[in-house]
$ cat data.cif   # mmCIF, C-alpha atoms
data_my_file
#
loop_
_atom_site.label_atom_id
_atom_site.label_comp_id
_atom_site.auth_asym_id
_atom_site.auth_seq_id
_atom_site.Cartn_x
_atom_site.Cartn_y
_atom_site.Cartn_z
CA LEU A 8 94.19 112.69 100.41
CA ARG A 9 90.98 111.45 102.03
CA ALA A 10 89.87 109.99 98.69
CA LEU A 11 93.32 108.65 97.74
CA PHE A 12 94.30 106.94 101.01
CA PRO A 13 91.83 104.02 100.76
CA VAL A 14 92.67 103.44 97.09
CA VAL A 15 96.41 103.14 97.77
CA ARG A 16 95.81 101.41 101.13
CA ALA A 17 97.60 104.09 103.13
CA ASP A 18 97.42 103.81 106.90
CA PHE A 19 94.93 106.20 108.49
CA ARG A 20 96.49 105.43 111.90
CA ASN A 21 99.56 107.33 110.75
CA PRO A 22 99.70 110.90 112.20
CA ILE A 23 99.24 112.35 108.72
CA GLY A 24 96.25 110.10 108.14
CA GLN A 25 94.76 111.16 111.48
CA ALA A 26 95.16 114.82 110.54
CA VAL A 27 93.45 114.22 107.19
CA LEU A 28 90.56 112.49 108.95
CA ARG A 29 90.12 115.27 111.51
CA VAL A 30 90.09 117.99 108.86
CA THR A 31 87.71 116.22 106.47
CA ASP A 32 85.34 114.45 108.89
CA PRO A 33 82.86 117.37 109.19
CA LEU A 34 82.13 117.20 105.47
CA VAL A 35 82.59 113.48 104.76
CA LEU A 36 80.81 111.85 107.72
CA PRO A 37 77.34 113.29 106.94
CA LEU A 38 77.74 112.12 103.33
CA ARG A 39 78.87 108.68 104.49
CA LYS A 40 75.39 108.15 105.99
CA LEU A 41 74.04 108.32 102.44
CA LEU A 42 76.96 107.01 100.39
CA ARG A 43 78.77 103.84 101.38
CA PRO A 44 82.26 102.93 100.09
CA VAL A 45 82.41 100.76 96.99
CA GLY A 46 85.35 98.42 97.42
CA ARG A 47 88.38 100.59 98.20
CA VAL A 48 86.74 103.72 96.76
CA ASP A 49 85.40 106.13 99.38
CA VAL A 50 82.41 107.50 97.49
CA ALA A 51 81.52 110.00 100.25
CA ALA A 52 85.02 111.52 100.14
CA ILE A 53 84.89 111.82 96.35
CA VAL A 54 81.45 113.47 96.44
CA ALA A 55 82.68 115.86 99.15
CA LEU A 56 85.69 116.70 97.01
CA LEU A 57 83.47 117.35 93.99
CA ILE A 58 81.11 119.54 96.04
CA VAL A 59 84.01 121.65 97.31
CA GLN A 60 85.59 121.93 93.84
CA ILE A 61 82.36 122.82 92.04
CA THR A 62 81.44 125.35 94.74
CA GLY A 63 84.88 126.94 94.50
CA THR A 64 84.70 127.10 90.72
CA ALA A 65 81.22 128.66 90.83
CA LEU A 66 82.46 131.26 93.33
CA ILE A 67 85.42 132.12 91.11
CA PHE A 68 83.11 132.50 88.10
CA GLY A 69 80.85 134.76 90.15
CA LEU A 70 83.66 136.87 91.61
CA ALA A 71 85.28 137.28 88.22
CA GLY A 72 82.09 138.86 86.94
CA ALA A 73 81.68 136.22 84.26
CA PRO A 74 78.30 136.13 82.55
CA MET A 75 75.93 133.58 84.02
CA ALA A 76 77.64 130.27 83.32
CA SER A 77 75.68 127.10 82.84
CA PRO A 78 75.95 124.41 85.50
CA LEU A 79 77.46 122.09 82.89
CA SER A 80 80.27 124.52 82.03
CA ILE A 81 80.99 125.06 85.73
CA ALA A 82 81.13 121.28 86.27
CA VAL A 83 83.45 120.79 83.28
CA VAL A 84 85.83 123.52 84.46
CA ALA A 85 85.72 122.15 88.02
CA LEU A 86 86.55 118.62 86.86
CA ARG A 87 89.40 119.89 84.66
CA ASP A 88 90.81 121.93 87.55
CA LEU A 89 90.48 118.96 89.89
CA ALA A 90 92.35 116.73 87.42
CA ARG A 91 95.09 119.36 87.08
CA THR A 92 95.35 119.63 90.87
CA LEU A 93 95.62 115.85 91.19
CA LEU A 94 98.37 115.72 88.56
CA GLN A 95 100.25 118.56 90.23
CA PHE A 96 99.87 116.88 93.63
CA TYR A 97 101.31 113.64 92.27
CA PHE A 98 104.14 115.51 90.54
CA PHE A 99 105.28 117.04 93.83
CA ALA A 100 104.63 113.81 95.77
CA VAL A 101 106.92 111.84 93.43
CA LEU A 102 109.51 114.61 93.53
CA LEU A 103 109.45 114.70 97.34
CA HIS A 104 109.58 110.89 97.45
CA VAL A 105 112.75 110.96 95.33
CA VAL A 106 114.37 113.68 97.44
CA LEU A 107 113.56 111.78 100.65
CA SER A 108 115.05 108.61 99.19
CA TRP A 109 118.30 110.51 98.54
CA VAL A 110 118.44 112.45 101.80
CA ALA A 111 117.19 109.77 104.19
CA PRO A 112 117.22 106.38 102.47
CA GLY A 113 115.29 103.80 104.43
CA ALA A 114 113.83 106.39 106.81
CA HIS A 115 110.66 105.26 108.57
CA SER A 116 108.91 108.57 109.11
CA PRO A 117 105.13 108.98 108.78
CA ALA A 118 105.61 111.23 105.75
CA ALA A 119 107.90 108.73 104.02
CA ALA A 120 105.38 105.93 104.57
CA VAL A 121 102.53 108.00 103.14
CA LEU A 122 104.61 109.09 100.14
CA GLU A 123 105.67 105.51 99.48
CA ARG A 124 102.04 104.35 99.47
CA LEU A 125 100.89 107.23 97.27
CA CYS A 126 103.71 107.01 94.72
CA ASP A 127 104.06 103.23 94.48
CA PRO A 128 101.10 102.71 92.08
CA LEU A 129 102.72 105.11 89.61
CA LEU A 130 106.29 103.90 90.03
CA ARG A 131 105.79 100.11 90.29
CA PRO A 132 104.75 99.50 86.64
CA LEU A 133 107.74 101.44 85.32
CA ARG A 134 110.14 99.76 87.74
CA ARG A 135 109.21 96.44 86.12
CA VAL A 136 110.16 97.79 82.68
CA ILE A 137 113.07 100.15 83.49
CA PRO A 138 115.83 98.44 85.47
CA PRO A 139 117.95 100.45 87.92
CA ILE A 140 121.19 101.65 86.37
CA GLY A 141 124.09 101.56 88.79
CA GLY A 142 121.66 101.39 91.71
CA LEU A 143 119.82 104.50 90.48
CA ASP A 144 116.07 104.14 89.95
CA LEU A 145 115.13 106.09 86.82
CA SER A 146 111.40 105.34 86.92
CA PRO A 147 110.53 108.59 88.79
CA ILE A 148 111.98 110.62 85.93
CA PHE A 149 109.62 108.97 83.44
CA VAL A 150 106.67 109.35 85.82
CA LEU A 151 107.44 113.07 86.24
CA ILE A 152 107.68 113.54 82.46
CA GLY A 153 104.37 111.72 81.99
CA LEU A 154 102.65 113.81 84.66
CA GLN A 155 103.94 117.01 83.05
CA ALA A 156 102.71 115.85 79.64
CA LEU A 157 99.25 115.19 81.06
CA GLN A 158 99.22 118.63 82.71
CA ILE A 159 100.08 120.23 79.37
CA LEU A 160 97.22 118.34 77.70
CA LEU A 161 94.76 119.69 80.27
CA ARG A 162 95.65 123.35 79.66
#

$ encode --input "data.cif" --output "structure tokens"
Amino acid sequence: LRALFPVVRADFRNPIGQAVLRVTDPLVLPLRKLLRPVGRVDVAAIVALLIVQITGTALIFGLAGAPMASPLSIAVVALRDLARTLLQFYFFAVLLHVVLSWVAPGAHSPAAAVLERLCDPLLRPLRRVIPPIGGLDLSPIFVLIGLQALQILLR
């Protein structure tokens, strides 16, 4: 979330944004001294995410008793797992966004605002192409199918 919020222009003053900052600051702030943001991309947050993912993957390789893996193979597996995690995150974010729109349409909760910001870049292009049918927005269905297809490709 720390890496995605600036890209989608989510509000860090939101309680969810504040929680994300508090949890990730110990790892991101030291890196920020070395790595400045590039446009809307928080390079320090992305590097922190990669460090955590690669370290976790290396630990899993080591605990599984795998023969000594090369750093390149660990990095490739870590990047694939990170991509799968991102796709799964977006799948559930879009699904939750749809459920919230049915249960509490027009609700102005912090979670709804964050979900709207996160899901809008995926949904907006399809909303331009697929018109609502009877007031029902079908674009999330196509986004969910696309996300599932990408997850299958990464297996």

$ atom_distance --input "data.cif" --atom1 "atom CA of Arg29 of chain A" --atom2 "atom CA of Pro44 of chain A"
18.6 Å

$ resolve_selection --input "data.cif" --expression "the PyMOL selection byres ((chain A and resi 101) around 9)" --output "number ranges by chain"
A: 96-100, 102-106, 122-123, 125-126, 129-130, 147, 150-151

$ write_last_selection --input "data.cif" --atoms "C-alpha atoms" --output "PDB file, keeping the file's coordinate frame"
ATOM      1  CA  PHE A  96      99.870 116.880  93.630  1.00  0.00           C
ATOM      2  CA  TYR A  97     101.310 113.640  92.270  1.00  0.00           C
ATOM      3  CA  PHE A  98     104.140 115.510  90.540  1.00  0.00           C
ATOM      4  CA  PHE A  99     105.280 117.040  93.830  1.00  0.00           C
ATOM      5  CA  ALA A 100     104.630 113.810  95.770  1.00  0.00           C
ATOM      6  CA  LEU A 102     109.510 114.610  93.530  1.00  0.00           C
ATOM      7  CA  LEU A 103     109.450 114.700  97.340  1.00  0.00           C
ATOM      8  CA  HIS A 104     109.580 110.890  97.450  1.00  0.00           C
ATOM      9  CA  VAL A 105     112.750 110.960  95.330  1.00  0.00           C
ATOM     10  CA  VAL A 106     114.370 113.680  97.440  1.00  0.00           C
ATOM     11  CA  LEU A 122     104.610 109.090 100.140  1.00  0.00           C
ATOM     12  CA  GLU A 123     105.670 105.510  99.480  1.00  0.00           C
ATOM     13  CA  LEU A 125     100.890 107.230  97.270  1.00  0.00           C
ATOM     14  CA  CYS A 126     103.710 107.010  94.720  1.00  0.00           C
ATOM     15  CA  LEU A 129     102.720 105.110  89.610  1.00  0.00           C
ATOM     16  CA  LEU A 130     106.290 103.900  90.030  1.00  0.00           C
ATOM     17  CA  PRO A 147     110.530 108.590  88.790  1.00  0.00           C
ATOM     18  CA  VAL A 150     106.670 109.350  85.820  1.00  0.00           C
ATOM     19  CA  LEU A 151     107.440 113.070  86.240  1.00  0.00           C
TER      20      LEU A 151
END

$ closest_residue --input "data.cif" --among "A:Arg9, A:Arg91, A:His115, A:Arg131" --to "Ile53 of chain A" --atoms "all atoms listed in the file"
A:Arg9

$ residues_around --input "data.cif" --residues "Phe12 of chain A" --least-positions-apart "2" --cutoff "10 Å" --atoms "all atoms listed in the file" --output "ChimeraX atom specification"
/A:8-10,14-19,24,27,47-49,121,124-125

$ closest_residue --input "data.cif" --among "A:Pro33, A:Gly63, A:Pro132, A:Pro13" --to "Val45 of chain A" --atoms "all atoms listed in the file"
A:Pro13

$ atom_distance --input "data.cif" --atom1 "atom CA of Ile137 of chain A" --atom2 "atom CA of Phe149 of chain A"
9.5 Å

$ atom_distance --input "data.cif" --atom1 "atom CA of Leu28 of chain A" --atom2 "atom CA of Leu157 of chain A"
29.3 Å

$ closest_residue --input "data.cif" --among "A:Ser108, A:Gln60, A:Pro74, A:Pro117" --to "Ala26 of chain A" --atoms "all atoms listed in the file"
A:Pro117

$ residues_around --input "data.cif" --residues "Leu38 of chain A" --least-positions-apart "6" --cutoff "9 Å" --atoms "only C-alpha atoms" --output "list in words"
Val50, Ala51, Ala52, Val54 and Ala55 of chain A

$ closest_residue --input "data.cif" --among "A:Leu42, A:Leu161, A:Ala114, A:Gly142" --to "Leu93 of chain A" --atoms "only C-alpha atoms"
A:Leu161

$ residues_around --input "data.cif" --residues "Ile159 of chain A" --least-positions-apart "3" --cutoff "12 Å" --atoms "only C-alpha atoms" --output "short mmCIF file (atom, residue, chain, number, x, y, z; two decimals) with C-alpha atoms, in the frame of the given file"
data_model
loop_
_atom_site.label_atom_id
_atom_site.label_comp_id
_atom_site.auth_asym_id
_atom_site.auth_seq_id
_atom_site.Cartn_x
_atom_site.Cartn_y
_atom_site.Cartn_z
CA ARG A 87 89.40 119.89 84.66
CA ALA A 90 92.35 116.73 87.42
CA ARG A 91 95.09 119.36 87.08
CA LEU A 94 98.37 115.72 88.56
CA GLN A 95 100.25 118.56 90.23
CA ILE A 152 107.68 113.54 82.46
CA GLY A 153 104.37 111.72 81.99
CA LEU A 154 102.65 113.81 84.66
CA GLN A 155 103.94 117.01 83.05
CA ALA A 156 102.71 115.85 79.64
CA ARG A 162 95.65 123.35 79.66
#

$ axis_aligned_box --input "data.cif" --around "segment 75-86 of chain A" --padding-each-side "4 Å" --output "JSON"
{"center_x": 81.1, "center_y": 126.1, "center_z": 85.0, "size_x": 18.9, "size_y": 23.0, "size_z": 14.0}

$ closest_residue --input "data.cif" --among "A:Leu143, A:Val59, A:Val110, A:Val35" --to "Asp88 of chain A" --atoms "all atoms listed in the file"
A:Val59

$ closest_residue --input "data.cif" --among "A:Leu145, A:Leu56, A:Leu79, A:Ala85" --to "Leu11 of chain A" --atoms "all atoms listed in the file"
A:Leu56

$ decode --input "data.cif" --residues "segment 62-91 of chain A" --atoms "N, CA, C and O atoms" --output "PDB file, in the first residue's frame"
ATOM      1  N   THR A  62      14.175 -11.113   0.793  1.00  0.00           N
ATOM      2  CA  THR A  62      14.602 -11.731   2.053  1.00  0.00           C
ATOM      3  C   THR A  62      13.667 -12.870   2.436  1.00  0.00           C
ATOM      4  O   THR A  62      14.118 -13.955   2.828  1.00  0.00           O
ATOM      5  N   GLY A  63      12.377 -12.655   2.317  1.00  0.00           N
ATOM      6  CA  GLY A  63      11.404 -13.702   2.625  1.00  0.00           C
ATOM      7  C   GLY A  63      11.558 -14.905   1.718  1.00  0.00           C
ATOM      8  O   GLY A  63      11.507 -16.053   2.175  1.00  0.00           O
ATOM      9  N   THR A  64      11.772 -14.668   0.445  1.00  0.00           N
ATOM     10  CA  THR A  64      11.955 -15.766  -0.507  1.00  0.00           C
ATOM     11  C   THR A  64      13.229 -16.545  -0.197  1.00  0.00           C
ATOM     12  O   THR A  64      13.233 -17.778  -0.225  1.00  0.00           O
ATOM     13  N   ALA A  65      14.311 -15.840   0.131  1.00  0.00           N
ATOM     14  CA  ALA A  65      15.564 -16.512   0.471  1.00  0.00           C
ATOM     15  C   ALA A  65      15.397 -17.352   1.738  1.00  0.00           C
ATOM     16  O   ALA A  65      15.910 -18.471   1.814  1.00  0.00           O
ATOM     17  N   LEU A  66      14.662 -16.829   2.711  1.00  0.00           N
ATOM     18  CA  LEU A  66      14.409 -17.593   3.938  1.00  0.00           C
ATOM     19  C   LEU A  66      13.591 -18.847   3.653  1.00  0.00           C
ATOM     20  O   LEU A  66      13.868 -19.916   4.202  1.00  0.00           O
ATOM     21  N   ILE A  67      12.608 -18.736   2.810  1.00  0.00           N
ATOM     22  CA  ILE A  67      11.785 -19.897   2.452  1.00  0.00           C
ATOM     23  C   ILE A  67      12.634 -20.941   1.734  1.00  0.00           C
ATOM     24  O   ILE A  67      12.531 -22.129   2.010  1.00  0.00           O
ATOM     25  N   PHE A  68      13.487 -20.499   0.812  1.00  0.00           N
ATOM     26  CA  PHE A  68      14.392 -21.433   0.133  1.00  0.00           C
ATOM     27  C   PHE A  68      15.268 -22.134   1.158  1.00  0.00           C
ATOM     28  O   PHE A  68      15.471 -23.346   1.088  1.00  0.00           O
ATOM     29  N   GLY A  69      15.815 -21.378   2.105  1.00  0.00           N
ATOM     30  CA  GLY A  69      16.702 -21.950   3.106  1.00  0.00           C
ATOM     31  C   GLY A  69      15.985 -22.903   4.047  1.00  0.00           C
ATOM     32  O   GLY A  69      16.494 -23.979   4.366  1.00  0.00           O
ATOM     33  N   LEU A  70      14.789 -22.531   4.495  1.00  0.00           N
ATOM     34  CA  LEU A  70      14.031 -23.385   5.406  1.00  0.00           C
ATOM     35  C   LEU A  70      13.514 -24.651   4.731  1.00  0.00           C
ATOM     36  O   LEU A  70      13.311 -25.664   5.384  1.00  0.00           O
ATOM     37  N   ALA A  71      13.280 -24.562   3.439  1.00  0.00           N
ATOM     38  CA  ALA A  71      12.785 -25.724   2.704  1.00  0.00           C
ATOM     39  C   ALA A  71      13.901 -26.722   2.424  1.00  0.00           C
ATOM     40  O   ALA A  71      13.641 -27.819   1.935  1.00  0.00           O
ATOM     41  N   GLY A  72      15.128 -26.340   2.737  1.00  0.00           N
ATOM     42  CA  GLY A  72      16.245 -27.242   2.504  1.00  0.00           C
ATOM     43  C   GLY A  72      16.614 -27.348   1.048  1.00  0.00           C
ATOM     44  O   GLY A  72      17.216 -28.344   0.625  1.00  0.00           O
ATOM     45  N   ALA A  73      16.254 -26.337   0.274  1.00  0.00           N
ATOM     46  CA  ALA A  73      16.592 -26.348  -1.153  1.00  0.00           C
ATOM     47  C   ALA A  73      18.103 -26.220  -1.313  1.00  0.00           C
ATOM     48  O   ALA A  73      18.766 -25.594  -0.495  1.00  0.00           O
ATOM     49  N   PRO A  74      18.647 -26.832  -2.356  1.00  0.00           N
ATOM     50  CA  PRO A  74      20.080 -26.660  -2.594  1.00  0.00           C
ATOM     51  C   PRO A  74      20.379 -25.176  -2.794  1.00  0.00           C
ATOM     52  O   PRO A  74      19.493 -24.395  -3.124  1.00  0.00           O
ATOM     53  N   MET A  75      21.597 -24.800  -2.569  1.00  0.00           N
ATOM     54  CA  MET A  75      21.992 -23.397  -2.645  1.00  0.00           C
ATOM     55  C   MET A  75      21.503 -22.774  -3.953  1.00  0.00           C
ATOM     56  O   MET A  75      21.938 -23.150  -5.040  1.00  0.00           O
ATOM     57  N   ALA A  76      20.564 -21.878  -3.829  1.00  0.00           N
ATOM     58  CA  ALA A  76      19.987 -21.227  -5.009  1.00  0.00           C
ATOM     59  C   ALA A  76      20.817 -19.994  -5.354  1.00  0.00           C
ATOM     60  O   ALA A  76      21.358 -19.326  -4.474  1.00  0.00           O
ATOM     61  N   SER A  77      20.859 -19.700  -6.632  1.00  0.00           N
ATOM     62  CA  SER A  77      21.602 -18.512  -7.055  1.00  0.00           C
ATOM     63  C   SER A  77      20.797 -17.265  -6.704  1.00  0.00           C
ATOM     64  O   SER A  77      19.569 -17.311  -6.625  1.00  0.00           O
ATOM     65  N   PRO A  78      21.485 -16.148  -6.498  1.00  0.00           N
ATOM     66  CA  PRO A  78      20.771 -14.904  -6.205  1.00  0.00           C
ATOM     67  C   PRO A  78      19.789 -14.526  -7.320  1.00  0.00           C
ATOM     68  O   PRO A  78      18.728 -13.979  -7.046  1.00  0.00           O
ATOM     69  N   LEU A  79      20.144 -14.848  -8.552  1.00  0.00           N
ATOM     70  CA  LEU A  79      19.252 -14.527  -9.667  1.00  0.00           C
ATOM     71  C   LEU A  79      17.956 -15.332  -9.585  1.00  0.00           C
ATOM     72  O   LEU A  79      16.867 -14.788  -9.780  1.00  0.00           O
ATOM     73  N   SER A  80      18.055 -16.620  -9.266  1.00  0.00           N
ATOM     74  CA  SER A  80      16.836 -17.432  -9.171  1.00  0.00           C
ATOM     75  C   SER A  80      15.981 -16.989  -7.994  1.00  0.00           C
ATOM     76  O   SER A  80      14.752 -16.967  -8.088  1.00  0.00           O
ATOM     77  N   ILE A  81      16.603 -16.594  -6.891  1.00  0.00           N
ATOM     78  CA  ILE A  81      15.843 -16.078  -5.754  1.00  0.00           C
ATOM     79  C   ILE A  81      15.130 -14.788  -6.146  1.00  0.00           C
ATOM     80  O   ILE A  81      13.955 -14.596  -5.822  1.00  0.00           O
ATOM     81  N   ALA A  82      15.826 -13.910  -6.863  1.00  0.00           N
ATOM     82  CA  ALA A  82      15.220 -12.638  -7.285  1.00  0.00           C
ATOM     83  C   ALA A  82      14.061 -12.878  -8.243  1.00  0.00           C
ATOM     84  O   ALA A  82      13.012 -12.216  -8.134  1.00  0.00           O
ATOM     85  N   VAL A  83      14.218 -13.820  -9.162  1.00  0.00           N
ATOM     86  CA  VAL A  83      13.141 -14.109 -10.123  1.00  0.00           C
ATOM     87  C   VAL A  83      11.914 -14.654  -9.399  1.00  0.00           C
ATOM     88  O   VAL A  83      10.787 -14.216  -9.654  1.00  0.00           O
ATOM     89  N   VAL A  84      12.119 -15.591  -8.494  1.00  0.00           N
ATOM     90  CA  VAL A  84      10.995 -16.153  -7.735  1.00  0.00           C
ATOM     91  C   VAL A  84      10.346 -15.072  -6.877  1.00  0.00           C
ATOM     92  O   VAL A  84       9.118 -14.992  -6.778  1.00  0.00           O
ATOM     93  N   ALA A  85      11.155 -14.219  -6.259  1.00  0.00           N
ATOM     94  CA  ALA A  85      10.621 -13.142  -5.421  1.00  0.00           C
ATOM     95  C   ALA A  85       9.777 -12.174  -6.246  1.00  0.00           C
ATOM     96  O   ALA A  85       8.687 -11.767  -5.818  1.00  0.00           O
ATOM     97  N   LEU A  86      10.254 -11.805  -7.427  1.00  0.00           N
ATOM     98  CA  LEU A  86       9.492 -10.886  -8.279  1.00  0.00           C
ATOM     99  C   LEU A  86       8.194 -11.524  -8.767  1.00  0.00           C
ATOM    100  O   LEU A  86       7.149 -10.870  -8.814  1.00  0.00           O
ATOM    101  N   ARG A  87       8.251 -12.813  -9.116  1.00  0.00           N
ATOM    102  CA  ARG A  87       7.026 -13.508  -9.534  1.00  0.00           C
ATOM    103  C   ARG A  87       6.018 -13.561  -8.383  1.00  0.00           C
ATOM    104  O   ARG A  87       4.832 -13.285  -8.572  1.00  0.00           O
ATOM    105  N   ASP A  88       6.497 -13.890  -7.186  1.00  0.00           N
ATOM    106  CA  ASP A  88       5.600 -13.947  -6.030  1.00  0.00           C
ATOM    107  C   ASP A  88       5.030 -12.574  -5.699  1.00  0.00           C
ATOM    108  O   ASP A  88       3.870 -12.448  -5.318  1.00  0.00           O
ATOM    109  N   LEU A  89       5.844 -11.542  -5.846  1.00  0.00           N
ATOM    110  CA  LEU A  89       5.367 -10.185  -5.596  1.00  0.00           C
ATOM    111  C   LEU A  89       4.294  -9.786  -6.607  1.00  0.00           C
ATOM    112  O   LEU A  89       3.278  -9.187  -6.241  1.00  0.00           O
ATOM    113  N   ALA A  90       4.493 -10.147  -7.867  1.00  0.00           N
ATOM    114  CA  ALA A  90       3.486  -9.857  -8.896  1.00  0.00           C
ATOM    115  C   ALA A  90       2.193 -10.615  -8.604  1.00  0.00           C
ATOM    116  O   ALA A  90       1.095 -10.053  -8.731  1.00  0.00           O
ATOM    117  N   ARG A  91       2.310 -11.877  -8.190  1.00  0.00           N
ATOM    118  CA  ARG A  91       1.113 -12.652  -7.850  1.00  0.00           C
ATOM    119  C   ARG A  91       0.390 -12.053  -6.652  1.00  0.00           C
ATOM    120  O   ARG A  91      -0.843 -11.994  -6.626  1.00  0.00           O
TER     121      ARG A  91
END
